[in-house]
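The file structure_26.tsv comes next; it holds TSV, C-alpha atoms and all ligand atoms.
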chain	number	residue	atom	x	y	z
D	1	MET	CA	-15.72	-128.88	-1.96
D	2	THR	CA	-15.42	-129.74	-5.63
D	3	LEU	CA	-12.43	-131.57	-7.14
D	4	TYR	CA	-11.60	-131.71	-10.84
D	5	LEU	CA	-9.12	-133.62	-12.95
D	6	ALA	CA	-7.11	-131.16	-15.07
D	7	PRO	CA	-6.65	-131.72	-18.79
D	8	LEU	CA	-3.27	-133.26	-19.68
D	9	GLN	CA	-2.89	-133.51	-23.45
D	10	GLY	CA	-1.64	-136.98	-24.43
D	11	LEU	CA	-2.42	-138.40	-20.99
D	12	THR	CA	-5.99	-137.86	-19.77
D	13	ASP	CA	-7.73	-139.12	-22.89
D	14	ARG	CA	-11.02	-141.00	-22.82
D	15	VAL	CA	-9.38	-144.35	-22.07
D	16	PHE	CA	-7.47	-142.85	-19.18
D	17	ARG	CA	-10.52	-141.03	-17.84
D	18	GLY	CA	-12.75	-144.06	-18.12
D	19	VAL	CA	-10.39	-146.45	-16.38
D	20	TYR	CA	-9.51	-143.80	-13.81
D	21	SER	CA	-13.07	-143.14	-12.74
D	22	SER	CA	-13.88	-146.84	-12.60
D	23	HIS	CA	-11.06	-147.42	-10.08
D	24	PHE	CA	-10.88	-144.25	-8.01
D	25	GLY	CA	-13.37	-141.98	-6.32
D	26	GLY	CA	-13.14	-138.49	-4.93
D	27	LEU	CA	-13.52	-136.79	-8.27
D	28	ASP	CA	-16.44	-134.56	-9.31
D	29	GLY	CA	-15.46	-133.56	-12.81
D	30	ALA	CA	-12.79	-133.43	-15.48
D	31	ILE	CA	-11.77	-131.17	-18.32
D	32	ALA	CA	-10.74	-133.05	-21.44
D	33	PRO	CA	-7.47	-132.12	-23.20
D	34	PHE	CA	-7.99	-129.36	-25.75
D	35	ILE	CA	-9.23	-129.73	-29.29
D	36	LEU	CA	-8.56	-126.94	-31.77
D	37	ALA	CA	-11.32	-124.55	-32.76
D	38	VAL	CA	-12.22	-125.32	-36.38
D	39	ARG	CA	-14.75	-123.89	-38.78
D	40	GLY	CA	-17.80	-126.16	-39.03
D	41	SER	CA	-17.18	-127.07	-42.64
D	42	LYS	CA	-13.71	-128.39	-41.80
D	43	ALA	CA	-14.71	-130.35	-38.72
D	44	LYS	CA	-14.42	-134.07	-39.40
D	45	PRO	CA	-15.94	-136.46	-36.86
D	46	ARG	CA	-12.36	-137.58	-36.11
D	47	HIS	CA	-11.66	-134.14	-34.66
D	48	PHE	CA	-14.11	-134.91	-31.85
D	49	LYS	CA	-13.00	-138.52	-31.36
D	50	ASP	CA	-11.87	-138.09	-27.76
D	51	LEU	CA	-15.25	-136.63	-26.89
D	52	LEU	CA	-17.65	-138.97	-28.66
D	53	PRO	CA	-19.59	-141.45	-26.59
D	54	GLY	CA	-18.24	-144.97	-26.92
D	55	PRO	CA	-17.19	-148.06	-25.04
D	56	ALA	CA	-14.26	-146.43	-23.31
D	57	GLU	CA	-16.21	-143.35	-22.40
D	58	GLU	CA	-17.00	-142.80	-18.89
D	59	ALA	CA	-16.74	-139.46	-17.50
D	60	ARG	CA	-19.65	-137.96	-19.38
D	61	ASP	CA	-22.22	-140.39	-18.05
D	62	GLY	CA	-20.06	-141.77	-15.30
D	63	PRO	CA	-21.57	-145.28	-15.34
D	64	ALA	CA	-18.46	-146.65	-13.73
D	65	ALA	CA	-18.06	-143.88	-11.21
D	66	PRO	CA	-18.55	-144.81	-7.58
D	67	PRO	CA	-22.20	-144.67	-6.59
D	68	GLY	CA	-23.44	-141.27	-5.63
D	69	ARG	CA	-20.72	-139.39	-7.46
D	70	ARG	CA	-21.23	-138.17	-10.98
D	71	VAL	CA	-18.09	-137.32	-12.90
D	72	ALA	CA	-18.92	-134.63	-15.40
D	73	LEU	CA	-16.73	-134.15	-18.46
D	74	VAL	CA	-16.18	-130.67	-19.90
D	75	PRO	CA	-14.55	-130.43	-23.35
D	76	GLN	CA	-11.89	-127.78	-23.90
D	77	ILE	CA	-11.28	-125.65	-26.99
D	78	LEU	CA	-8.03	-123.93	-27.99
D	79	GLY	CA	-8.42	-121.04	-30.40
D	80	ASN	CA	-8.64	-117.28	-30.81
D	81	GLU	CA	-11.17	-116.79	-33.55
D	82	PRO	CA	-14.79	-116.08	-32.51
D	83	VAL	CA	-16.55	-117.83	-35.41
D	84	ALA	CA	-14.43	-121.00	-35.31
D	85	PHE	CA	-14.77	-121.12	-31.52
D	86	ALA	CA	-18.54	-120.76	-31.62
D	87	GLU	CA	-18.93	-123.36	-34.39
D	88	THR	CA	-16.78	-125.86	-32.51
D	89	ALA	CA	-18.68	-125.15	-29.30
D	90	ARG	CA	-22.00	-125.69	-31.11
D	91	THR	CA	-20.83	-129.04	-32.43
D	92	LEU	CA	-19.89	-130.06	-28.89
D	93	ALA	CA	-23.27	-128.89	-27.61
D	94	GLY	CA	-24.80	-131.13	-30.29
D	95	LEU	CA	-22.89	-134.06	-28.78
D	96	GLY	CA	-24.67	-133.43	-25.51
D	97	TYR	CA	-22.25	-131.24	-23.59
D	98	SER	CA	-23.66	-128.35	-21.60
D	99	GLU	CA	-20.38	-126.72	-20.61
D	100	ILE	CA	-17.26	-125.84	-22.60
D	101	ASN	CA	-13.89	-124.68	-21.34
D	102	TRP	CA	-11.65	-122.24	-23.18
D	103	ASN	CA	-7.89	-122.80	-22.96
D	104	LEU	CA	-6.12	-119.51	-22.23
D	105	GLY	CA	-3.18	-121.15	-20.50
D	106	CYS	CA	-1.22	-123.31	-22.94
D	107	PRO	CA	2.39	-122.12	-22.56
D	108	HIS	CA	4.04	-123.80	-25.55
D	109	PRO	CA	5.76	-121.26	-27.82
D	110	MET	CA	4.28	-122.84	-30.97
D	111	VAL	CA	0.79	-122.24	-29.57
D	112	ALA	CA	1.37	-118.97	-27.73
D	113	GLY	CA	3.24	-117.50	-30.70
D	114	LYS	CA	-0.02	-117.72	-32.67
D	115	GLN	CA	-1.86	-115.80	-29.95
D	116	ARG	CA	-3.52	-118.91	-28.65
D	117	GLY	CA	-3.54	-120.29	-25.12
D	118	SER	CA	-1.42	-118.09	-22.84
D	119	GLY	CA	-0.40	-116.13	-25.95
D	120	LEU	CA	-3.81	-114.46	-25.93
D	121	LEU	CA	-3.58	-113.22	-22.34
D	122	PRO	CA	-2.05	-109.83	-23.31
D	123	PHE	CA	-5.00	-109.17	-25.68
D	124	PRO	CA	-8.16	-108.51	-23.61
D	125	GLY	CA	-10.01	-107.09	-26.62
D	126	ARG	CA	-9.70	-110.31	-28.57
D	127	VAL	CA	-10.61	-112.37	-25.50
D	128	GLY	CA	-13.78	-110.28	-25.22
D	129	GLU	CA	-14.70	-110.95	-28.88
D	130	VAL	CA	-14.40	-114.71	-28.46
D	131	LEU	CA	-16.36	-114.64	-25.20
D	132	GLU	CA	-19.06	-112.55	-26.82
D	133	ALA	CA	-19.57	-115.25	-29.48
D	134	ALA	CA	-19.23	-118.16	-27.04
D	135	CYS	CA	-21.58	-116.79	-24.40
D	136	ALA	CA	-24.27	-116.15	-27.01
D	137	ILE	CA	-24.77	-119.89	-27.62
D	138	PRO	CA	-28.03	-120.89	-25.92
D	139	GLY	CA	-27.83	-123.56	-23.25
D	140	LEU	CA	-24.04	-123.68	-23.14
D	141	GLY	CA	-22.05	-122.66	-20.07
D	142	ILE	CA	-18.58	-121.24	-20.70
D	143	THR	CA	-15.61	-121.59	-18.36
D	144	VAL	CA	-12.08	-120.30	-18.83
D	145	LYS	CA	-8.76	-121.84	-17.76
D	146	LEU	CA	-5.86	-119.42	-17.70
D	147	ARG	CA	-2.49	-118.45	-16.29
D	148	LEU	CA	-1.63	-115.13	-14.66
D	149	GLY	CA	-0.13	-113.79	-17.85
D	150	ARG	CA	2.01	-114.53	-20.86
D	151	SER	CA	5.20	-112.91	-19.53
D	152	ASP	CA	3.64	-110.15	-17.39
D	153	PRO	CA	1.75	-110.95	-14.17
D	154	ASP	CA	-0.34	-107.81	-14.76
D	155	ASP	CA	-1.96	-109.39	-17.85
D	156	ILE	CA	-4.62	-110.91	-15.60
D	157	VAL	CA	-5.33	-107.55	-13.97
D	158	ARG	CA	-6.14	-106.05	-17.38
D	159	LEU	CA	-8.05	-109.14	-18.47
D	160	MET	CA	-10.24	-109.63	-15.41
D	161	PRO	CA	-12.73	-106.83	-16.24
D	162	VAL	CA	-13.41	-108.61	-19.56
D	163	LEU	CA	-13.94	-111.94	-17.80
D	164	ASN	CA	-16.14	-110.22	-15.20
D	165	ASP	CA	-18.23	-108.71	-18.00
D	166	HIS	CA	-19.34	-112.13	-19.28
D	167	PRO	CA	-21.58	-114.71	-17.62
D	168	LEU	CA	-18.87	-117.35	-17.15
D	169	HIS	CA	-19.67	-120.46	-15.14
D	170	ARG	CA	-16.24	-120.49	-13.53
D	171	VAL	CA	-12.66	-119.35	-13.95
D	172	ILE	CA	-9.75	-121.72	-13.35
D	173	ILE	CA	-6.37	-120.15	-12.61
D	174	HIS	CA	-3.00	-121.86	-12.76
D	175	PRO	CA	-0.85	-119.18	-11.14
D	176	ARG	CA	2.23	-119.23	-13.33
D	177	LEU	CA	3.16	-117.20	-16.39
D	178	GLY	CA	3.13	-118.82	-19.81
D	179	THR	CA	6.82	-118.11	-20.26
D	180	GLN	CA	7.55	-120.07	-17.07
D	181	MET	CA	6.13	-123.27	-18.56
D	182	TYR	CA	6.15	-125.38	-15.36
D	183	ARG	CA	9.27	-123.86	-13.79
D	184	GLY	CA	9.35	-122.14	-10.43
D	185	ALA	CA	6.68	-122.24	-7.75
D	186	PRO	CA	3.09	-121.17	-8.35
D	187	ASP	CA	2.67	-117.45	-7.58
D	188	LEU	CA	0.25	-117.59	-4.67
D	189	ASP	CA	0.29	-113.83	-4.13
D	190	GLY	CA	-0.60	-113.43	-7.81
D	191	PHE	CA	-3.46	-115.89	-7.34
D	192	ALA	CA	-4.69	-113.97	-4.28
D	193	ARG	CA	-4.63	-110.72	-6.26
D	194	ALA	CA	-6.58	-112.29	-9.14
D	195	ALA	CA	-9.08	-113.80	-6.68
D	196	GLY	CA	-9.72	-110.34	-5.27
D	197	LEU	CA	-10.60	-109.05	-8.74
D	198	CYS	CA	-12.68	-111.98	-9.99
D	199	ARG	CA	-16.46	-112.00	-9.61
D	200	HIS	CA	-16.88	-115.57	-10.86
D	201	THR	CA	-16.53	-118.87	-9.03
D	202	LEU	CA	-12.79	-119.43	-8.94
D	203	VAL	CA	-10.93	-122.73	-9.16
D	204	TYR	CA	-7.32	-123.09	-8.00
D	205	ASN	CA	-5.00	-125.28	-10.10
D	206	GLY	CA	-1.30	-125.98	-9.71
D	207	ASP	CA	1.19	-128.23	-7.93
D	208	ILE	CA	-1.22	-130.04	-5.64
D	209	THR	CA	0.87	-133.15	-5.22
D	210	ASP	CA	-0.30	-134.52	-1.89
D	211	ARG	CA	-2.78	-133.94	0.89
D	212	ALA	CA	-0.38	-131.70	2.82
D	213	ALA	CA	0.05	-129.39	-0.18
D	214	PHE	CA	-3.72	-129.28	-0.57
D	215	GLU	CA	-4.30	-128.48	3.11
D	216	ALA	CA	-1.74	-125.67	2.99
D	217	LEU	CA	-3.51	-124.13	-0.01
D	218	ARG	CA	-6.90	-124.53	1.60
D	219	ALA	CA	-5.65	-122.74	4.71
D	220	ARG	CA	-4.21	-119.95	2.56
D	221	PHE	CA	-7.37	-119.55	0.44
D	222	PRO	CA	-10.37	-120.28	2.66
D	223	GLY	CA	-12.69	-118.64	0.12
D	224	ILE	CA	-11.83	-121.19	-2.58
D	225	ASP	CA	-14.02	-124.28	-2.70
D	226	GLU	CA	-13.07	-125.74	-6.10
D	227	TRP	CA	-9.71	-127.32	-6.89
D	228	MET	CA	-8.19	-128.85	-10.00
D	229	ILE	CA	-5.35	-131.38	-10.08
D	230	GLY	CA	-3.41	-132.64	-13.09
D	231	ARG	CA	0.04	-134.13	-12.70
D	232	GLY	CA	-0.50	-135.01	-9.04
D	233	ALA	CA	-3.40	-137.27	-9.99
D	234	VAL	CA	-1.22	-139.31	-12.35
D	235	SER	CA	1.68	-139.39	-9.88
D	236	ASN	CA	-0.70	-140.68	-7.23
D	237	PRO	CA	-4.05	-141.81	-8.61
D	238	LEU	CA	-5.39	-142.10	-5.05
D	239	LEU	CA	-4.87	-138.38	-4.42
D	240	PHE	CA	-8.52	-137.31	-4.77
D	241	GLU	CA	-9.60	-139.97	-2.29
D	242	GLU	CA	-6.78	-139.04	0.07
D	243	ILE	CA	-7.75	-135.37	-0.04
D	244	ARG	CA	-11.29	-136.32	0.89
D	245	ALA	CA	-9.86	-138.65	3.51
D	246	GLU	CA	-11.90	-141.43	2.01
D	247	ALA	CA	-9.21	-143.67	0.55
D	248	ALA	CA	-10.73	-147.10	1.01
D	249	ALA	CA	-8.92	-149.22	3.51
D	250	GLY	CA	-7.88	-151.83	0.88
D	251	ASP	CA	-4.37	-152.46	-0.19
D	252	ARG	CA	-2.97	-149.35	-1.85
D	253	ARG	CA	-0.39	-151.33	-3.79
D	254	ALA	CA	-3.00	-153.72	-5.13
D	255	ARG	CA	-5.29	-150.87	-6.20
D	256	LEU	CA	-2.53	-149.11	-8.12
D	257	ARG	CA	-1.52	-152.38	-9.75
D	258	ASP	CA	-5.10	-153.20	-10.77
D	259	TRP	CA	-5.52	-149.71	-12.22
D	260	HIS	CA	-2.28	-150.01	-14.18
D	261	ASP	CA	-3.19	-153.43	-15.51
D	262	ASP	CA	-6.61	-152.20	-16.56
D	263	ILE	CA	-5.31	-149.13	-18.37
D	264	TYR	CA	-2.60	-151.15	-20.11
D	265	ARG	CA	-5.16	-153.71	-21.27
D	266	SER	CA	-7.49	-150.93	-22.45
D	267	TYR	CA	-4.78	-149.24	-24.53
D	268	ARG	CA	-3.84	-152.59	-26.03
D	269	GLU	CA	-7.45	-152.95	-27.11
D	270	VAL	CA	-7.85	-149.54	-28.71
D	271	LEU	CA	-4.42	-148.56	-30.00
D	272	TYR	CA	-2.88	-149.96	-33.13
D	273	GLY	CA	0.55	-151.50	-32.62
D	274	PRO	CA	2.92	-151.89	-29.69
D	275	ALA	CA	4.79	-148.60	-30.27
D	276	HIS	CA	1.66	-146.57	-29.53
D	277	VAL	CA	0.84	-148.62	-26.46
D	278	LEU	CA	4.39	-148.25	-25.16
D	279	ASP	CA	4.35	-144.49	-25.80
D	280	LYS	CA	1.15	-144.11	-23.81
D	281	MET	CA	2.35	-146.21	-20.91
D	282	LYS	CA	5.73	-144.49	-20.78
D	283	GLY	CA	3.90	-141.14	-20.67
D	284	ILE	CA	1.90	-142.32	-17.67
D	285	TRP	CA	5.01	-143.61	-15.90
D	286	ARG	CA	6.70	-140.20	-16.27
D	287	TYR	CA	4.38	-139.13	-13.44
D	288	PHE	CA	3.19	-142.44	-11.95
D	289	ARG	CA	6.81	-143.27	-11.04
D	290	ALA	CA	6.40	-140.98	-8.00
D	291	SER	CA	4.30	-143.74	-6.44
D	292	TYR	CA	7.34	-146.06	-6.52
D	293	PRO	CA	10.23	-144.06	-5.08
D	294	GLY	CA	12.34	-147.15	-4.43
D	295	GLU	CA	12.16	-148.34	-8.06
D	296	LYS	CA	14.31	-145.76	-9.83
D	297	ARG	CA	16.47	-148.27	-11.68
D	298	ARG	CA	13.64	-150.45	-13.00
D	299	ILE	CA	11.55	-147.40	-13.95
D	300	GLU	CA	14.44	-145.98	-15.95
D	301	SER	CA	14.73	-149.29	-17.78
D	302	LEU	CA	11.00	-149.14	-18.45
D	303	ALA	CA	11.48	-145.89	-20.37
D	304	ARG	CA	13.77	-147.74	-22.78
D	305	VAL	CA	11.80	-150.94	-23.49
D	306	ARG	CA	10.78	-151.59	-27.07
D	307	THR	CA	8.55	-154.64	-26.80
D	308	LEU	CA	5.33	-155.28	-24.92
D	309	GLN	CA	6.84	-158.43	-23.46
D	310	ASP	CA	9.74	-156.50	-21.88
D	311	TYR	CA	7.34	-153.84	-20.71
D	312	GLU	CA	5.06	-156.36	-19.06
D	313	SER	CA	7.79	-158.15	-17.16
D	314	LEU	CA	9.43	-154.93	-15.94
D	315	ALA	CA	6.11	-153.33	-14.97
D	316	ALA	CA	5.05	-156.51	-13.15
D	317	GLY	CA	8.27	-156.39	-11.13
D	318	ILE	CA	7.71	-152.78	-10.12
D	319	LEU	CA	4.01	-153.12	-9.40
D	320	ARG	CA	4.23	-156.40	-7.55
D	321	GLY	CA	7.30	-155.34	-5.57
P	1	LIG	C1	1.64	-132.98	-20.30
P	1	LIG	C2	0.70	-131.85	-20.00
P	1	LIG	C3	-0.37	-131.60	-20.87
P	1	LIG	C4	-1.27	-130.55	-20.60
P	1	LIG	N1	-2.34	-130.35	-21.44
P	1	LIG	C5	-3.23	-129.35	-21.15
P	1	LIG	C6	-4.40	-129.14	-21.96
P	1	LIG	O1	-4.69	-129.84	-22.94
P	1	LIG	N2	-5.21	-128.10	-21.62
P	1	LIG	C7	-4.96	-127.29	-20.52
P	1	LIG	O2	-5.75	-126.38	-20.23
P	1	LIG	N3	-3.90	-127.51	-19.74
P	1	LIG	C8	-3.04	-128.51	-20.02
P	1	LIG	N4	-1.99	-128.72	-19.19
P	1	LIG	C9	-1.89	-127.92	-17.93
P	1	LIG	C10	-2.61	-128.66	-16.79
P	1	LIG	O3	-3.99	-128.81	-17.04
P	1	LIG	C11	-2.44	-127.91	-15.45
P	1	LIG	O4	-2.95	-126.62	-15.60
P	1	LIG	C12	-0.97	-127.82	-15.03
P	1	LIG	O5	-0.32	-129.07	-15.20
P	1	LIG	C13	-0.87	-127.38	-13.56
P	1	LIG	O6	-1.62	-128.25	-12.72
P	1	LIG	P1	-0.94	-129.50	-11.96
P	1	LIG	O7	0.25	-128.94	-11.21
P	1	LIG	O8	-2.01	-130.01	-11.04
P	1	LIG	O9	-0.52	-130.49	-12.99
P	1	LIG	C14	-1.07	-129.72	-19.45
P	1	LIG	C15	0.01	-129.97	-18.61
P	1	LIG	C16	0.90	-131.01	-18.85
P	1	LIG	C17	2.04	-131.25	-17.90
Here is the file; what I need is its structure written in the form of structure tokens.
Ligand SMILES: Cc1cc2nc3c(=O)[nH]c(=O)nc-3n(C[C@H](O)[C@H](O)[C@H](O)COP(=O)(O)O)c2cc1C
Amino acid sequence: MTLYLAPLQGLTDRVFRGVYSSHFGGLDGAIAPFILAVRGSKAKPRHFKDLLPGPAEEARDGPAAPPGRRVALVPQILGNEPVAFAETARTLAGLGYSEINWNLGCPHPMVAGKQRGSGLLPFPGRVGEVLEAACAIPGLGITVKLRLGRSDPDDIVRLMPVLNDHPLHRVIIHPRLGTQMYRGAPDLDGFARAAGLCRHTLVYNGDITDRAAFEALRARFPGIDEWMIGRGAVSNPLLFEEIRAEAAAGDRRARLRDWHDDIYRSYREVLYGPAHVLDKMKGIWRYFRASYPGEKRRIESLARVRTLQDYESLAAGILRG
């Protein structure tokens, strides 16, 4: 079984990934949040900042990962133009990456309206052109992360022959439509139908929030051996270990607190100014709050704090109980 951390733009950046993999096990790989495809001449080093090696970087080499488990990082590109995609992918290959993921799932109207992300799902011809360029890059494996469709669950039926025609390393499906955003339940029948059509290694992604949800999906899809988790991993950072039934005995509360304190300290080191640090931490708490169901009132106050001092004292109260 292989478990991946899903990309969450604004959340699972290099600081997050580094601190995460130094505290928690159970994880085999991660996809980084997307960067835009840009023509080589326009690509400033800053564009690749989240993916450059550096002190906070982790996942690529995994020095801090638990022994025996290597956490591989795969960068993700958002775009719809073959030349820009290939040039961006080549730059990433030059940084040492051997696999690149293509985002065909982003649901946001601003993105989809430009035929990017899930907005490209109704256009198999264009998908084929980008894959043609991407798969021609020597030494680079291409994977695709997609939804079932933009607004039509048959999009994936028309698209699958194009995906099957290219030597993709894997296909990751989040079984919702783009127009659903995150509403409604994942369409498991739609996933089953896509699985029946797909000749590549398939990864399931969507709404795995606890071990029971995972076990139910595993029972439903015995042929799937690779799973990707996003929001559930921030809600409960121990989820990968729990799924593998290898959560270390230690004190759960203490482990979550130590992780929080480490990530807070790391953001204070790398971000400029308290407002950015508070934004980051509030973003994490939007999901992490699920680990503290009895702390509704204090967590709501946390969303309103404006100083690091107030943040620290409220967070300490929640984390230390
Ligand atoms: C805040 C947020 C940011 C996301 N950013 C990305 C992204 O950069 N690339 C991508 O492919 N998916 C992105 N996603 C989608 C997730 O990777 C994942 O497919 C989705 O959340 C369903 O999985 P989950 O239920 O395990 O979270 C994002 C989702 C959220 C909620």
Q: Counting all atoms listed in the file, figure out which residue out of D:Arg320, D:Gly206, D:Ala89, D:Ile299 gets nearest to Ala254 in chain D.
A: D:Arg320
Which residues are near Ser98 in chain D? Cut-off 9 Å, only C-alpha atoms, ignore same chain within fewer than 2 positions. Put them as a short mmCIF file (atom, residue, chain, number, x, y, z; two decimals) with C-alpha atoms, in the coordinates of the input.
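Wrote result-v2.cif, looks like this:
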data_model
loop_
_atom_site.label_atom_id
_atom_site.label_comp_id
_atom_site.auth_asym_id
_atom_site.auth_seq_id
_atom_site.Cartn_x
_atom_site.Cartn_y
_atom_site.Cartn_z
CA VAL D 74 -16.18 -130.67 -19.90
CA LEU D 92 -19.89 -130.06 -28.89
CA ALA D 93 -23.27 -128.89 -27.61
CA GLY D 96 -24.67 -133.43 -25.51
CA ILE D 100 -17.26 -125.84 -22.60
CA GLY D 139 -27.83 -123.56 -23.25
CA LEU D 140 -24.04 -123.68 -23.14
CA GLY D 141 -22.05 -122.66 -20.07
CA ILE D 142 -18.58 -121.24 -20.70
#
Q. Quick one: residues within 8 Å of ligand LIG 1 (chain P), with all atoms listed in the file, as a ChimeraX atom specification?
A. /D:6-11,31-35,76,102-106,145-146,173-174,182,205-209,228-233
Q: For Tyr204 in chain D, work out the shell of residues within 12 Å, counting all atoms listed in the file and skipping chain neighbours fewer than 2 positions away, then give it as a PyMOL selection string.
A: chain D and resi 1-6+145-148+170-176+186-188+190-192+194-195+201-202+206-208+214+217-218+220-230
Same residues, C-alpha atoms, output as a PDB file, in the coordinates of the input:
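The resulting file, result-v8.pdb, is reproduced below:
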ATOM      1  CA  MET D   1     -15.720-128.880  -1.960  1.00  0.00           C
ATOM      2  CA  THR D   2     -15.420-129.740  -5.630  1.00  0.00           C
ATOM      3  CA  LEU D   3     -12.430-131.570  -7.140  1.00  0.00           C
ATOM      4  CA  TYR D   4     -11.600-131.710 -10.840  1.00  0.00           C
ATOM      5  CA  LEU D   5      -9.120-133.620 -12.950  1.00  0.00           C
ATOM      6  CA  ALA D   6      -7.110-131.160 -15.070  1.00  0.00           C
ATOM      7  CA  LYS D 145      -8.760-121.840 -17.760  1.00  0.00           C
ATOM      8  CA  LEU D 146      -5.860-119.420 -17.700  1.00  0.00           C
ATOM      9  CA  ARG D 147      -2.490-118.450 -16.290  1.00  0.00           C
ATOM     10  CA  LEU D 148      -1.630-115.130 -14.660  1.00  0.00           C
ATOM     11  CA  ARG D 170     -16.240-120.490 -13.530  1.00  0.00           C
ATOM     12  CA  VAL D 171     -12.660-119.350 -13.950  1.00  0.00           C
ATOM     13  CA  ILE D 172      -9.750-121.720 -13.350  1.00  0.00           C
ATOM     14  CA  ILE D 173      -6.370-120.150 -12.610  1.00  0.00           C
ATOM     15  CA  HIS D 174      -3.000-121.860 -12.760  1.00  0.00           C
ATOM     16  CA  PRO D 175      -0.850-119.180 -11.140  1.00  0.00           C
ATOM     17  CA  ARG D 176       2.230-119.230 -13.330  1.00  0.00           C
ATOM     18  CA  PRO D 186       3.090-121.170  -8.350  1.00  0.00           C
ATOM     19  CA  ASP D 187       2.670-117.450  -7.580  1.00  0.00           C
ATOM     20  CA  LEU D 188       0.250-117.590  -4.670  1.00  0.00           C
ATOM     21  CA  GLY D 190      -0.600-113.430  -7.810  1.00  0.00           C
ATOM     22  CA  PHE D 191      -3.460-115.890  -7.340  1.00  0.00           C
ATOM     23  CA  ALA D 192      -4.690-113.970  -4.280  1.00  0.00           C
ATOM     24  CA  ALA D 194      -6.580-112.290  -9.140  1.00  0.00           C
ATOM     25  CA  ALA D 195      -9.080-113.800  -6.680  1.00  0.00           C
ATOM     26  CA  THR D 201     -16.530-118.870  -9.030  1.00  0.00           C
ATOM     27  CA  LEU D 202     -12.790-119.430  -8.940  1.00  0.00           C
ATOM     28  CA  GLY D 206      -1.300-125.980  -9.710  1.00  0.00           C
ATOM     29  CA  ASP D 207       1.190-128.230  -7.930  1.00  0.00           C
ATOM     30  CA  ILE D 208      -1.220-130.040  -5.640  1.00  0.00           C
ATOM     31  CA  PHE D 214      -3.720-129.280  -0.570  1.00  0.00           C
ATOM     32  CA  LEU D 217      -3.510-124.130  -0.010  1.00  0.00           C
ATOM     33  CA  ARG D 218      -6.900-124.530   1.600  1.00  0.00           C
ATOM     34  CA  ARG D 220      -4.210-119.950   2.560  1.00  0.00           C
ATOM     35  CA  PHE D 221      -7.370-119.550   0.440  1.00  0.00           C
ATOM     36  CA  PRO D 222     -10.370-120.280   2.660  1.00  0.00           C
ATOM     37  CA  GLY D 223     -12.690-118.640   0.120  1.00  0.00           C
ATOM     38  CA  ILE D 224     -11.830-121.190  -2.580  1.00  0.00           C
ATOM     39  CA  ASP D 225     -14.020-124.280  -2.700  1.00  0.00           C
ATOM     40  CA  GLU D 226     -13.070-125.740  -6.100  1.00  0.00           C
ATOM     41  CA  TRP D 227      -9.710-127.320  -6.890  1.00  0.00           C
ATOM     42  CA  MET D 228      -8.190-128.850 -10.000  1.00  0.00           C
ATOM     43  CA  ILE D 229      -5.350-131.380 -10.080  1.00  0.00           C
ATOM     44  CA  GLY D 230      -3.410-132.640 -13.090  1.00  0.00           C
TER      45      GLY D 230
END
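Here CA of Ile263 in chain D stands at a distance of 17.1 Å from CA of Asp310 in chain D.
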Q: Pull the neighbourhood of (-4.0, -150.2, -18.4) for me: all residues within 10 Å in file coordinates, counting only C-alpha atoms, as a PyMOL selection string.
A: chain D and resi 15-16+19-20+257-269+277+280-281+284
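Restricting the calculation to all atoms listed in the file, the smallest distance between Arg297 in chain D and any of D:Lys282, D:Ile318, D:Pro107, D:Gly128 is found for D:Ile318.
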Tell me which protein, DNA and RNA residues are within 9 Å of Gly321 in chain D, counting only C-alpha atoms, leaving out same-chain ones fewer than 2 positions away, and put them as a short mmCIF file (atom, residue, chain, number, x, y, z; two decimals) with C-alpha atoms, in the frame of the given file.
data_model
loop_
_atom_site.label_atom_id
_atom_site.label_comp_id
_atom_site.auth_asym_id
_atom_site.auth_seq_id
_atom_site.Cartn_x
_atom_site.Cartn_y
_atom_site.Cartn_z
CA ARG D 253 -0.39 -151.33 -3.79
CA GLU D 295 12.16 -148.34 -8.06
CA ALA D 316 5.05 -156.51 -13.15
CA GLY D 317 8.27 -156.39 -11.13
CA ILE D 318 7.71 -152.78 -10.12
CA LEU D 319 4.01 -153.12 -9.40
#
Q: Kindly indicate which residue among D:Ala213, D:Leu27, D:Val162, D:Leu168 lies nearest to Leu121 in chain D, using only C-alpha atoms for the distances.
A: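 Between D:Ala213, D:Leu27, D:Val162, D:Leu168, the residue approaching Leu121 in chain D most closely is D:Val162.
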Q) Could you name the residues that touch Gly149 in chain D at 6 Å or less, counting only C-alpha atoms, but leaving out those on the same chain fewer than 5 positions away, as a PyMOL selection string? A) chain D and resi 121+155-156+177
Q.
To one decimal place in Å, what is the distance between CA of Asp279 in chain D and CA of Val305 in chain D?
A. 10.1 Å
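With all atoms listed in the file as the atoms that count, the minimum distance from Gln115 in chain D to the choices D:Leu73, D:Leu95, D:Cys135, D:Leu78 is reached by D:Leu78.
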**Q.** Distance in Å - CA of Asp251 in chain D versus CA of Asp210 in chain D
**A.**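 These atoms are spaced 18.5 Å apart.
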Q. Out of D:Gly294, D:Gly79, D:Gly184, D:Gly273, which residue has the shortest atom-to-atom distance to Lys114 in chain D when counting all atoms listed in the file?
A.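 Using all atoms listed in the file, the shortest distance to Lys114 in chain D belongs to D:Gly79.
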Got a sec to write range 304-314 of chain D of the block to a file, C-alpha atoms, as an mmCIF file, in the first residue's frame?
data_model
loop_
_atom_site.group_PDB
_atom_site.id
_atom_site.type_symbol
_atom_site.label_atom_id
_atom_site.label_comp_id
_atom_site.auth_asym_id
_atom_site.auth_seq_id
_atom_site.Cartn_x
_atom_site.Cartn_y
_atom_site.Cartn_z
ATOM 1 C CA ARG D 304 -9.758 36.502 15.217
ATOM 2 C CA VAL D 305 -6.416 37.126 16.965
ATOM 3 C CA ARG D 306 -4.213 39.866 15.562
ATOM 4 C CA THR D 307 -1.012 39.501 17.557
ATOM 5 C CA LEU D 308 1.422 36.640 17.968
ATOM 6 C CA GLN D 309 1.196 37.035 21.729
ATOM 7 C CA ASP D 310 -2.586 36.468 21.721
ATOM 8 C CA TYR D 311 -2.166 33.609 19.302
ATOM 9 C CA GLU D 312 0.432 31.909 21.469
ATOM 10 C CA SER D 313 -1.580 32.096 24.660
ATOM 11 C CA LEU D 314 -4.804 30.875 23.032
#
